[in-house]
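The file entry-v3.pdb contains PDB, C-alpha atoms, pLDDT in the B column:
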ATOM      1  CA  MET A  65       0.000   0.000   0.000  1.00 40.00           C
ATOM      2  CA  SER A  66       2.927   2.362   0.527  1.00 42.00           C
ATOM      3  CA  ALA A  67       4.092   1.903  -3.063  1.00 42.00           C
ATOM      4  CA  PRO A  68       3.533   4.965  -5.254  1.00 42.00           C
ATOM      5  CA  LEU A  69       0.370   5.055  -7.302  1.00 45.00           C
ATOM      6  CA  ALA A  70       0.516   6.240 -10.895  1.00 46.00           C
ATOM      7  CA  LEU A  71      -2.322   8.459 -12.034  1.00 42.00           C
ATOM      8  CA  ALA A  72      -2.116  10.616 -15.145  1.00 47.00           C
ATOM      9  CA  GLY A  73       1.665  10.460 -15.071  1.00 48.00           C
ATOM     10  CA  VAL A  74       1.888  11.651 -11.480  1.00 52.00           C
ATOM     11  CA  GLU A  75       3.202   9.432  -8.706  1.00 59.00           C
ATOM     12  CA  TRP A  76       0.790   9.201  -5.812  1.00 66.00           C
ATOM     13  CA  SER A  77       1.590   7.672  -2.455  1.00 85.00           C
ATOM     14  CA  LEU A  78      -1.119   6.325  -0.191  1.00 88.00           C
ATOM     15  CA  GLY A  79      -0.396   9.188   2.188  1.00 91.00           C
ATOM     16  CA  LEU A  80      -1.075  11.756  -0.529  1.00 92.00           C
ATOM     17  CA  SER A  81      -4.216   9.886  -1.535  1.00 94.00           C
ATOM     18  CA  LEU A  82      -5.459  10.045   2.047  1.00 96.00           C
ATOM     19  CA  ALA A  83      -4.712  13.764   2.258  1.00 96.00           C
ATOM     20  CA  LEU A  84      -6.563  14.467  -0.997  1.00 96.00           C
ATOM     21  CA  SER A  85      -9.472  12.277   0.132  1.00 97.00           C
ATOM     22  CA  TYR A  86      -9.732  14.309   3.328  1.00 98.00           C
ATOM     23  CA  LEU A  87      -9.618  17.594   1.415  1.00 97.00           C
ATOM     24  CA  LEU A  88     -12.332  16.434  -0.973  1.00 97.00           C
ATOM     25  CA  GLY A  89     -14.425  15.300   1.994  1.00 97.00           C
ATOM     26  CA  SER A  90     -13.940  18.722   3.561  1.00 97.00           C
ATOM     27  CA  VAL A  91     -15.611  20.546   0.664  1.00 97.00           C
ATOM     28  CA  PRO A  92     -18.947  21.674   2.195  1.00 95.00           C
ATOM     29  CA  PHE A  93     -21.187  21.399  -0.844  1.00 95.00           C
ATOM     30  CA  GLY A  94     -24.406  22.080   1.075  1.00 92.00           C
ATOM     31  CA  TRP A  95     -22.890  25.192   2.642  1.00 94.00           C
ATOM     32  CA  LEU A  96     -21.503  26.405  -0.693  1.00 94.00           C
ATOM     33  CA  MET A  97     -24.789  25.884  -2.538  1.00 93.00           C
ATOM     34  CA  ALA A  98     -26.810  27.666   0.148  1.00 92.00           C
ATOM     35  CA  LYS A  99     -24.343  30.545   0.172  1.00 92.00           C
ATOM     36  CA  LEU A 100     -24.165  30.931  -3.609  1.00 93.00           C
ATOM     37  CA  ILE A 101     -27.810  30.258  -4.470  1.00 91.00           C
ATOM     38  CA  ARG A 102     -29.726  31.598  -1.456  1.00 90.00           C
ATOM     39  CA  GLY A 103     -27.132  33.907   0.054  1.00 90.00           C
ATOM     40  CA  VAL A 104     -27.491  32.293   3.479  1.00 90.00           C
ATOM     41  CA  ASP A 105     -25.210  30.398   5.819  1.00 91.00           C
ATOM     42  CA  ILE A 106     -26.824  26.962   6.104  1.00 91.00           C
ATOM     43  CA  ARG A 107     -25.426  26.668   9.630  1.00 90.00           C
ATOM     44  CA  THR A 108     -27.764  29.453  10.785  1.00 88.00           C
ATOM     45  CA  VAL A 109     -31.037  28.019   9.443  1.00 87.00           C
ATOM     46  CA  GLY A 110     -33.024  24.825   9.918  1.00 77.00           C
ATOM     47  CA  SER A 111     -31.093  22.311  11.968  1.00 76.00           C
ATOM     48  CA  GLY A 112     -27.838  24.207  11.467  1.00 80.00           C
ATOM     49  CA  ASN A 113     -26.239  21.144   9.896  1.00 84.00           C
ATOM     50  CA  ILE A 114     -24.359  21.332   6.584  1.00 89.00           C
ATOM     51  CA  GLY A 115     -25.670  17.973   5.336  1.00 85.00           C
ATOM     52  CA  ALA A 116     -28.152  17.074   2.627  1.00 84.00           C
ATOM     53  CA  THR A 117     -31.296  16.973   4.789  1.00 81.00           C
ATOM     54  CA  ASN A 118     -30.842  20.554   5.943  1.00 86.00           C
ATOM     55  CA  ALA A 119     -29.835  21.554   2.410  1.00 87.00           C
ATOM     56  CA  MET A 120     -33.245  20.305   1.235  1.00 85.00           C
ATOM     57  CA  ARG A 121     -34.947  22.645   3.706  1.00 82.00           C
ATOM     58  CA  VAL A 122     -32.923  25.627   2.566  1.00 86.00           C
ATOM     59  CA  LEU A 123     -32.633  24.925  -1.168  1.00 88.00           C
ATOM     60  CA  GLY A 124     -35.663  22.731  -1.867  1.00 87.00           C
ATOM     61  CA  LYS A 125     -35.700  19.057  -2.749  1.00 87.00           C
ATOM     62  CA  PRO A 126     -34.127  19.179  -6.247  1.00 92.00           C
ATOM     63  CA  LEU A 127     -31.079  21.162  -5.159  1.00 93.00           C
ATOM     64  CA  GLY A 128     -31.017  19.288  -1.863  1.00 90.00           C
ATOM     65  CA  LEU A 129     -30.725  16.087  -3.863  1.00 94.00           C
ATOM     66  CA  VAL A 130     -27.781  17.611  -5.728  1.00 95.00           C
ATOM     67  CA  ALA A 131     -26.159  18.377  -2.362  1.00 94.00           C
ATOM     68  CA  PHE A 132     -26.739  14.762  -1.289  1.00 95.00           C
ATOM     69  CA  LEU A 133     -25.166  13.436  -4.487  1.00 96.00           C
ATOM     70  CA  CYS A 134     -22.160  15.709  -3.986  1.00 96.00           C
ATOM     71  CA  ASP A 135     -21.710  14.498  -0.397  1.00 97.00           C
ATOM     72  CA  PHE A 136     -22.179  10.925  -1.606  1.00 97.00           C
ATOM     73  CA  GLY A 137     -19.540  11.491  -4.284  1.00 98.00           C
ATOM     74  CA  LYS A 138     -17.042  12.702  -1.709  1.00 97.00           C
ATOM     75  CA  GLY A 139     -16.963   9.178  -0.312  1.00 97.00           C
ATOM     76  CA  PHE A 140     -17.400   7.269  -3.564  1.00 98.00           C
ATOM     77  CA  VAL A 141     -14.791   8.975  -5.764  1.00 98.00           C
ATOM     78  CA  PRO A 142     -11.686   8.514  -3.553  1.00 97.00           C
ATOM     79  CA  ALA A 143     -12.452   4.871  -2.783  1.00 97.00           C
ATOM     80  CA  TYR A 144     -13.278   4.092  -6.406  1.00 97.00           C
ATOM     81  CA  LEU A 145     -10.182   5.787  -7.859  1.00 96.00           C
ATOM     82  CA  VAL A 146      -7.822   4.213  -5.352  1.00 95.00           C
ATOM     83  CA  GLY A 147      -9.419   0.853  -6.052  1.00 95.00           C
ATOM     84  CA  ARG A 148      -8.730   1.334  -9.758  1.00 93.00           C
ATOM     85  CA  GLN A 149      -5.116   2.304  -9.136  1.00 90.00           C
ATOM     86  CA  THR A 150      -4.330  -0.480  -6.662  1.00 92.00           C
ATOM     87  CA  GLY A 151      -6.191  -3.348  -8.274  1.00 91.00           C
ATOM     88  CA  SER A 152      -8.963  -3.213  -5.656  1.00 91.00           C
ATOM     89  CA  ASP A 153      -6.750  -3.033  -2.580  1.00 94.00           C
ATOM     90  CA  SER A 154      -9.564  -3.085  -0.057  1.00 96.00           C
ATOM     91  CA  THR A 155      -7.536  -1.604   2.788  1.00 96.00           C
ATOM     92  CA  ALA A 156      -6.496   1.383   0.684  1.00 96.00           C
ATOM     93  CA  MET A 157     -10.101   1.844  -0.433  1.00 97.00           C
ATOM     94  CA  VAL A 158     -11.395   1.700   3.131  1.00 98.00           C
ATOM     95  CA  LEU A 159      -8.775   4.156   4.357  1.00 97.00           C
ATOM     96  CA  CYS A 160      -9.474   6.687   1.596  1.00 97.00           C
ATOM     97  CA  ALA A 161     -13.224   6.436   2.167  1.00 98.00           C
ATOM     98  CA  ALA A 162     -12.590   6.937   5.887  1.00 98.00           C
ATOM     99  CA  ALA A 163     -10.436   9.988   5.188  1.00 98.00           C
ATOM    100  CA  ALA A 164     -13.242  11.484   3.088  1.00 98.00           C
ATOM    101  CA  VAL A 165     -15.752  10.823   5.886  1.00 98.00           C
ATOM    102  CA  CYS A 166     -13.427  12.521   8.363  1.00 98.00           C
ATOM    103  CA  GLY A 167     -13.265  15.498   6.023  1.00 97.00           C
ATOM    104  CA  HIS A 168     -17.057  15.683   5.867  1.00 97.00           C
ATOM    105  CA  VAL A 169     -17.465  15.415   9.627  1.00 97.00           C
ATOM    106  CA  TRP A 170     -14.472  17.611  10.524  1.00 97.00           C
ATOM    107  CA  PRO A 171     -13.946  19.888   7.485  1.00 96.00           C
ATOM    108  CA  ILE A 172     -10.858  22.044   7.575  1.00 96.00           C
ATOM    109  CA  PHE A 173     -12.708  24.734   5.610  1.00 94.00           C
ATOM    110  CA  LEU A 174     -15.420  25.153   8.275  1.00 94.00           C
ATOM    111  CA  ARG A 175     -13.289  25.005  11.410  1.00 92.00           C
ATOM    112  CA  PHE A 176     -13.820  21.253  11.757  1.00 94.00           C
ATOM    113  CA  LYS A 177     -17.592  21.485  12.276  1.00 92.00           C
ATOM    114  CA  GLY A 178     -19.355  19.410   9.628  1.00 93.00           C
ATOM    115  CA  GLY A 179     -21.985  16.790   8.889  1.00 92.00           C
ATOM    116  CA  LYS A 180     -23.040  13.451  10.316  1.00 93.00           C
ATOM    117  CA  ALA A 181     -21.168  11.019   8.039  1.00 94.00           C
ATOM    118  CA  VAL A 182     -24.209   9.324   6.474  1.00 95.00           C
ATOM    119  CA  ALA A 183     -24.125  10.368   2.794  1.00 96.00           C
ATOM    120  CA  THR A 184     -20.333  10.392   2.462  1.00 97.00           C
ATOM    121  CA  GLY A 185     -19.999   7.077   4.281  1.00 97.00           C
ATOM    122  CA  LEU A 186     -22.652   5.580   2.033  1.00 98.00           C
ATOM    123  CA  GLY A 187     -20.710   6.694  -1.021  1.00 98.00           C
ATOM    124  CA  GLY A 188     -17.560   4.964   0.191  1.00 98.00           C
ATOM    125  CA  ILE A 189     -19.460   1.751   0.860  1.00 98.00           C
ATOM    126  CA  VAL A 190     -21.033   1.766  -2.605  1.00 98.00           C
ATOM    127  CA  ALA A 191     -17.540   1.989  -4.121  1.00 98.00           C
ATOM    128  CA  ILE A 192     -16.460  -1.128  -2.195  1.00 98.00           C
ATOM    129  CA  ASP A 193     -19.621  -3.256  -2.128  1.00 98.00           C
ATOM    130  CA  PRO A 194     -22.860  -1.812  -3.549  1.00 98.00           C
ATOM    131  CA  ILE A 195     -24.865  -4.757  -2.192  1.00 98.00           C
ATOM    132  CA  VAL A 196     -23.987  -3.817   1.389  1.00 98.00           C
ATOM    133  CA  ALA A 197     -25.201  -0.302   0.643  1.00 98.00           C
ATOM    134  CA  LEU A 198     -28.360  -1.666  -0.984  1.00 98.00           C
ATOM    135  CA  ILE A 199     -29.189  -3.825   2.044  1.00 98.00           C
ATOM    136  CA  ALA A 200     -28.569  -0.939   4.445  1.00 98.00           C
ATOM    137  CA  GLY A 201     -30.527   1.430   2.202  1.00 97.00           C
ATOM    138  CA  GLY A 202     -33.459  -0.960   2.352  1.00 97.00           C
ATOM    139  CA  ILE A 203     -33.347  -0.834   6.147  1.00 97.00           C
ATOM    140  CA  TRP A 204     -33.245   2.968   5.970  1.00 96.00           C
ATOM    141  CA  PHE A 205     -36.360   3.009   3.812  1.00 96.00           C
ATOM    142  CA  VAL A 206     -38.306   0.533   5.958  1.00 96.00           C
ATOM    143  CA  VAL A 207     -37.490   2.355   9.201  1.00 96.00           C
ATOM    144  CA  LEU A 208     -38.406   5.708   7.658  1.00 94.00           C
ATOM    145  CA  MET A 209     -41.716   4.373   6.372  1.00 94.00           C
ATOM    146  CA  LEU A 210     -42.587   2.831   9.748  1.00 94.00           C
ATOM    147  CA  THR A 211     -41.538   5.730  11.965  1.00 92.00           C
ATOM    148  CA  SER A 212     -41.085   8.865   9.793  1.00 90.00           C
ATOM    149  CA  TYR A 213     -37.884   9.560  11.733  1.00 90.00           C
ATOM    150  CA  VAL A 214     -35.031  10.368   9.313  1.00 89.00           C
ATOM    151  CA  ALA A 215     -32.515  10.147  12.136  1.00 90.00           C
ATOM    152  CA  LEU A 216     -33.746   6.723  13.236  1.00 95.00           C
ATOM    153  CA  ALA A 217     -33.611   5.522   9.631  1.00 95.00           C
ATOM    154  CA  SER A 218     -30.011   6.744   9.390  1.00 95.00           C
ATOM    155  CA  LEU A 219     -29.156   4.962  12.639  1.00 97.00           C
ATOM    156  CA  GLY A 220     -30.738   1.759  11.348  1.00 97.00           C
ATOM    157  CA  MET A 221     -28.726   2.019   8.156  1.00 97.00           C
ATOM    158  CA  GLY A 222     -25.528   2.662  10.100  1.00 97.00           C
ATOM    159  CA  LEU A 223     -26.086  -0.375  12.301  1.00 97.00           C
ATOM    160  CA  THR A 224     -26.712  -2.505   9.223  1.00 98.00           C
ATOM    161  CA  PHE A 225     -23.434  -1.593   7.497  1.00 98.00           C
ATOM    162  CA  PRO A 226     -21.081  -3.816   9.554  1.00 98.00           C
ATOM    163  CA  VAL A 227     -23.585  -6.665   9.806  1.00 98.00           C
ATOM    164  CA  ALA A 228     -24.100  -6.786   6.040  1.00 98.00           C
ATOM    165  CA  ALA A 229     -20.357  -6.432   5.400  1.00 98.00           C
ATOM    166  CA  TYR A 230     -19.622  -9.343   7.739  1.00 97.00           C
ATOM    167  CA  LEU A 231     -22.281 -11.558   6.164  1.00 97.00           C
ATOM    168  CA  ARG A 232     -20.933 -10.834   2.673  1.00 96.00           C
ATOM    169  CA  MET A 233     -17.226 -10.998   3.541  1.00 95.00           C
ATOM    170  CA  GLU A 234     -16.585 -14.620   2.560  1.00 93.00           C
ATOM    171  CA  GLY A 235     -15.247 -14.914  -0.976  1.00 92.00           C
ATOM    172  CA  ARG A 236     -15.055 -11.143  -1.531  1.00 94.00           C
ATOM    173  CA  PHE A 237     -11.951  -9.123  -2.356  1.00 94.00           C
ATOM    174  CA  TYR A 238     -12.212  -7.435   1.023  1.00 96.00           C
ATOM    175  CA  GLY A 239     -12.007  -8.930   4.488  1.00 95.00           C
ATOM    176  CA  TRP A 240     -12.004  -7.719   8.061  1.00 97.00           C
ATOM    177  CA  ASP A 241     -10.659  -4.335   6.936  1.00 97.00           C
ATOM    178  CA  PHE A 242     -14.021  -3.459   5.378  1.00 98.00           C
ATOM    179  CA  VAL A 243     -15.997  -4.934   8.271  1.00 98.00           C
ATOM    180  CA  ALA A 244     -13.914  -2.895  10.722  1.00 98.00           C
ATOM    181  CA  GLY A 245     -14.303   0.232   8.598  1.00 97.00           C
ATOM    182  CA  THR A 246     -18.081  -0.102   8.493  1.00 98.00           C
ATOM    183  CA  GLY A 247     -18.052  -0.731  12.246  1.00 98.00           C
ATOM    184  CA  VAL A 248     -16.178   2.512  12.856  1.00 98.00           C
ATOM    185  CA  LEU A 249     -18.578   4.320  10.511  1.00 98.00           C
ATOM    186  CA  CYS A 250     -21.520   2.868  12.439  1.00 97.00           C
ATOM    187  CA  ALA A 251     -20.071   4.136  15.727  1.00 98.00           C
ATOM    188  CA  LEU A 252     -19.442   7.570  14.218  1.00 97.00           C
ATOM    189  CA  ILE A 253     -23.012   7.813  12.919  1.00 97.00           C
ATOM    190  CA  LEU A 254     -24.305   6.900  16.378  1.00 96.00           C
ATOM    191  CA  VAL A 255     -22.144   9.542  18.051  1.00 96.00           C
ATOM    192  CA  ARG A 256     -23.048  12.239  15.528  1.00 93.00           C
ATOM    193  CA  HIS A 257     -26.757  11.511  16.062  1.00 93.00           C
ATOM    194  CA  ARG A 258     -26.635  11.548  19.871  1.00 92.00           C
ATOM    195  CA  SER A 259     -28.752  14.716  20.049  1.00 88.00           C
ATOM    196  CA  ASN A 260     -31.369  13.071  17.811  1.00 88.00           C
ATOM    197  CA  ILE A 261     -31.320  10.002  20.050  1.00 93.00           C
ATOM    198  CA  SER A 262     -31.910  12.175  23.120  1.00 93.00           C
ATOM    199  CA  ARG A 263     -34.842  13.920  21.454  1.00 88.00           C
ATOM    200  CA  MET A 264     -36.390  10.637  20.348  1.00 91.00           C
ATOM    201  CA  LEU A 265     -36.138   9.231  23.875  1.00 92.00           C
ATOM    202  CA  ALA A 266     -37.778  12.410  25.171  1.00 91.00           C
ATOM    203  CA  GLY A 267     -40.500  12.279  22.503  1.00 87.00           C
ATOM    204  CA  GLU A 268     -39.329  15.588  21.055  1.00 83.00           C
ATOM    205  CA  GLU A 269     -37.811  14.475  17.743  1.00 83.00           C
ATOM    206  CA  SER A 270     -39.706  15.767  14.739  1.00 78.00           C
ATOM    207  CA  ARG A 271     -40.837  13.567  11.866  1.00 83.00           C
ATOM    208  CA  SER A 272     -40.503  13.613   8.105  1.00 79.00           C
ATOM    209  CA  ARG A 273     -43.425  13.954   5.711  1.00 77.00           C
ATOM    210  CA  MET A 274     -42.596  10.454   4.494  1.00 78.00           C
ATOM    211  CA  GLY A 275     -43.939   7.368   6.214  1.00 72.00           C
ATOM    212  CA  PHE A 276     -46.861   6.620   8.478  1.00 77.00           C
ATOM    213  CA  GLY A 277     -45.874   9.105  11.163  1.00 66.00           C
ATOM    214  CA  GLY A 278     -46.554  12.182   9.059  1.00 60.00           C
ATOM    215  CA  LYS A 279     -44.780  15.478   9.636  1.00 55.00           C
ATOM    216  CA  GLN A 280     -44.761  17.681  12.715  1.00 50.00           C
ATOM    217  CA  LYS A 281     -41.791  19.956  12.160  1.00 49.00           C
ATOM    218  CA  ASP A 282     -38.374  19.845  10.533  1.00 47.00           C
ATOM    219  CA  SER A 283     -36.132  17.024  11.688  1.00 50.00           C
ATOM    220  CA  LYS A 284     -32.625  17.938  12.760  1.00 53.00           C
ATOM    221  CA  ASP A 285     -30.797  15.175  10.981  1.00 56.00           C
ATOM    222  CA  ASP A 286     -27.752  15.258   8.684  1.00 54.00           C
TER     223      ASP A 286
END

Write the structure described by the file as structure tokens, please.
Amino acid sequence: MSAPLALAGVEWSLGLSLALSYLLGSVPFGWLMAKLIRGVDIRTVGSGNIGATNAMRVLGKPLGLVAFLCDFGKGFVPAYLVGRQTGSDSTAMVLCAAAAVCGHVWPIFLRFKGGKAVATGLGGIVAIDPIVALIAGGIWFVVLMLTSYVALASLGMGLTFPVAAYLRMEGRFYGWDFVAGTGVLCALILVRHRSNISRMLAGEESRSRMGFGGKQKDSKDD
């Protein structure tokens, strides 16, 4: 993994790849779009989070979806490119995806105050094993439909990541490195949603329009 990587005639080391992955992850697309399109700081409206859910409140669903895809791409692109350059070295892919997630959660451009790791982490997982992401995405959808809590759906998806990775590990190009990476991502998602967890336990968490629970007020998720 420490051997230089060749990309477009430039020698890349794993260390440089990790640094670039972090910098890409640090690009606050939701914040930039809100600032350029609406002239507002997304951190001062809605939930105050820079992630896609709050971007949808500020920018509307179409542009919010663009923000989600950008955050998703921050995790997918580094893992995918490093996989191409290393012949699917799963450890390098996991590390670059993790670096991008760290950039999203602790962005250097916003004084290390960022999002909740869901969209960017999902992008990294899709680059490594789309079926794991599909299984976890199914759990997200079912939980959202049953409860209308976006945060609870995100927690359910996060908890599913390492379980699905473990169940699919045998015979894959990855091993415990990917299972461990999804486990760390799961823990990070739980920690970043601790305020949502507290509000749900207190019966104060708001619901989405989607699902059987209806909508009360804006949820303060990613």

Starting from the shown file, work through the PyMOL selection byres ((chain A and resi 274) around 10) and note down what comes out as a PyMOL selection string.
chain A and resi 205+208-214+271-273+275-279

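Relative to CA of His257 (chain A), CA of Asp241 (chain A) is found at 24.4 Å.
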
Find the spatial neighbours of Ala156 (chain A), counting all atoms listed in the file, within a cut-off of 9 Å - ignore same-chain residues fewer than 2 positions away - and output them as a PyMOL selection string.
chain A and resi 65+78+82+143+146-147+150+152-154+158-161

So what do you get for CA of Trp204 (chain A) versus CA of Gly220 (chain A), distance-wise?
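We find that CA of Trp204 (chain A) and CA of Gly220 (chain A) lie 6.1 Å from each other.
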
Nearest to Gly137 (chain A) by atom-to-atom distance, counting all atoms listed in the file, from A:Thr246, A:Asn260, A:Thr224, A:Thr184:
A:Thr184

Record the distance separating CA of Ala162 (chain A) and CA of Ala217 (chain A), expressed in Å with one decimal.
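Interatomic distance, CA of Ala162 (chain A) to CA of Ala217 (chain A): 21.4 Å.
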
Of the candidates A:Met264, A:Leu96, A:Leu123, A:Leu88, which one gets nearest to Ile172 (chain A) if we count all atoms listed in the file?
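Ranking A:Met264, A:Leu96, A:Leu123, A:Leu88 by distance to Ile172 (chain A), first place goes to A:Leu88.
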
Mind checking which residues fall within 12 Å of Tyr230 (chain A), counting all atoms listed in the file, ignoring those fewer than 6 positions away in the same chain, and posting them as a PDB file with C-alpha atoms, keeping the file's coordinate frame?
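Printed below is around.pdb as written:
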ATOM      1  CA  ASP A 193     -19.621  -3.256  -2.128  1.00 98.00           C
ATOM      2  CA  VAL A 196     -23.987  -3.817   1.389  1.00 98.00           C
ATOM      3  CA  LEU A 223     -26.086  -0.375  12.301  1.00 97.00           C
ATOM      4  CA  THR A 224     -26.712  -2.505   9.223  1.00 98.00           C
ATOM      5  CA  ARG A 236     -15.055 -11.143  -1.531  1.00 94.00           C
ATOM      6  CA  TYR A 238     -12.212  -7.435   1.023  1.00 96.00           C
ATOM      7  CA  GLY A 239     -12.007  -8.930   4.488  1.00 95.00           C
ATOM      8  CA  TRP A 240     -12.004  -7.719   8.061  1.00 97.00           C
ATOM      9  CA  ASP A 241     -10.659  -4.335   6.936  1.00 97.00           C
ATOM     10  CA  PHE A 242     -14.021  -3.459   5.378  1.00 98.00           C
ATOM     11  CA  VAL A 243     -15.997  -4.934   8.271  1.00 98.00           C
ATOM     12  CA  ALA A 244     -13.914  -2.895  10.722  1.00 98.00           C
ATOM     13  CA  GLY A 245     -14.303   0.232   8.598  1.00 97.00           C
ATOM     14  CA  THR A 246     -18.081  -0.102   8.493  1.00 98.00           C
ATOM     15  CA  GLY A 247     -18.052  -0.731  12.246  1.00 98.00           C
TER      16      GLY A 247
END

Determine the residue set returned by the PyMOL selection byres ((chain A and resi 141) around 9) for the present structure, and present it as a list in words.
Ser85, Phe136, Gly137, Lys138, Gly139, Phe140, Pro142, Ala143, Tyr144, Leu145, Val146, Ala161, Gly187, Gly188 and Ala191 of chain A

Skip Lys99 (chain A) itself and residues of its chain fewer than 6 positions away, then list as a PyMOL selection string all residues within 12 Å of it, counting only C-alpha atoms.
chain A and resi 92-93+105-109+114+119+122-123

Centre and edges of the region 97-114 of chain A box, axis-aligned, 4 Å extra per side, as AutoDock Vina command-line options:
--center_x -28.6 --center_y 27.5 --center_z 3.7 --size_x 16.9 --size_y 20.8 --size_z 24.4

With distances taken over only C-alpha atoms, which of A:Met221, A:Ala181, A:Ile195, A:Ala266 is nearest to Ile253 (chain A)?
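Of all the options, A:Ala181 lies closest to Ile253 (chain A).
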
Name the closest residue to Ala197 (chain A) among the candidates A:Met120, A:Leu252, A:Ala215, A:Val227; distances are taken between atoms, counting only C-alpha atoms.
A:Val227

For the point (-17.3, 13.8, 8.7) in the file's frame, write as a PyMOL selection string all residues with an atom no more than 7 Å away, counting only C-alpha atoms.
chain A and resi 165-170+178-181

Point out the residue among A:Asn113, A:Thr155, A:Ser90, A:Ser270 with the least atom-to-atom distance to Cys134 (chain A), counting all atoms listed in the file.
A:Ser90

For Tyr86 (chain A), find every residue with an atom within 6 Å (counting only C-alpha atoms), except residues of its own chain fewer than 2 positions away, and show them as a ChimeraX atom specification.
/A:83-84,88-89,163-164,167

Filled-in N, CA and C atoms of region 253-266 of chain A, supplied as an mmCIF file, keeping the file's coordinate frame:
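In the end it all went to selection10.cif:
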data_model
loop_
_atom_site.group_PDB
_atom_site.id
_atom_site.type_symbol
_atom_site.label_atom_id
_atom_site.label_comp_id
_atom_site.auth_asym_id
_atom_site.auth_seq_id
_atom_site.Cartn_x
_atom_site.Cartn_y
_atom_site.Cartn_z
ATOM 1 N N ILE A 253 -21.635 7.387 13.182
ATOM 2 C CA ILE A 253 -23.012 7.813 12.919
ATOM 3 C C ILE A 253 -23.807 7.874 14.221
ATOM 4 N N LEU A 254 -23.616 6.893 15.086
ATOM 5 C CA LEU A 254 -24.305 6.900 16.378
ATOM 6 C C LEU A 254 -23.912 8.119 17.202
ATOM 7 N N VAL A 255 -22.626 8.412 17.253
ATOM 8 C CA VAL A 255 -22.144 9.542 18.051
ATOM 9 C C VAL A 255 -22.662 10.861 17.473
ATOM 10 N N ARG A 256 -22.622 10.988 16.155
ATOM 11 C CA ARG A 256 -23.048 12.239 15.528
ATOM 12 C C ARG A 256 -24.565 12.458 15.635
ATOM 13 N N HIS A 257 -25.302 11.398 15.909
ATOM 14 C CA HIS A 257 -26.757 11.511 16.062
ATOM 15 C C HIS A 257 -27.194 11.459 17.536
ATOM 16 N N ARG A 258 -26.274 11.695 18.452
ATOM 17 C CA ARG A 258 -26.635 11.548 19.871
ATOM 18 C C ARG A 258 -27.702 12.555 20.292
ATOM 19 N N SER A 259 -27.701 13.747 19.705
ATOM 20 C CA SER A 259 -28.752 14.716 20.049
ATOM 21 C C SER A 259 -30.108 14.243 19.527
ATOM 22 N N ASN A 260 -30.116 13.623 18.341
ATOM 23 C CA ASN A 260 -31.369 13.071 17.811
ATOM 24 C C ASN A 260 -31.875 11.945 18.701
ATOM 25 N N ILE A 261 -30.947 11.109 19.167
ATOM 26 C CA ILE A 261 -31.320 10.002 20.050
ATOM 27 C C ILE A 261 -31.960 10.539 21.328
ATOM 28 N N SER A 262 -31.364 11.584 21.893
ATOM 29 C CA SER A 262 -31.910 12.175 23.120
ATOM 30 C C SER A 262 -33.308 12.718 22.886
ATOM 31 N N ARG A 263 -33.514 13.363 21.742
ATOM 32 C CA ARG A 263 -34.842 13.920 21.454
ATOM 33 C C ARG A 263 -35.865 12.819 21.200
ATOM 34 N N MET A 264 -35.448 11.745 20.569
ATOM 35 C CA MET A 264 -36.390 10.637 20.348
ATOM 36 C C MET A 264 -36.791 9.999 21.664
ATOM 37 N N LEU A 265 -35.838 9.816 22.564
ATOM 38 C CA LEU A 265 -36.138 9.231 23.875
ATOM 39 C C LEU A 265 -37.061 10.138 24.680
ATOM 40 N N ALA A 266 -36.933 11.455 24.445
ATOM 41 C CA ALA A 266 -37.778 12.410 25.171
ATOM 42 C C ALA A 266 -39.096 12.673 24.450
#
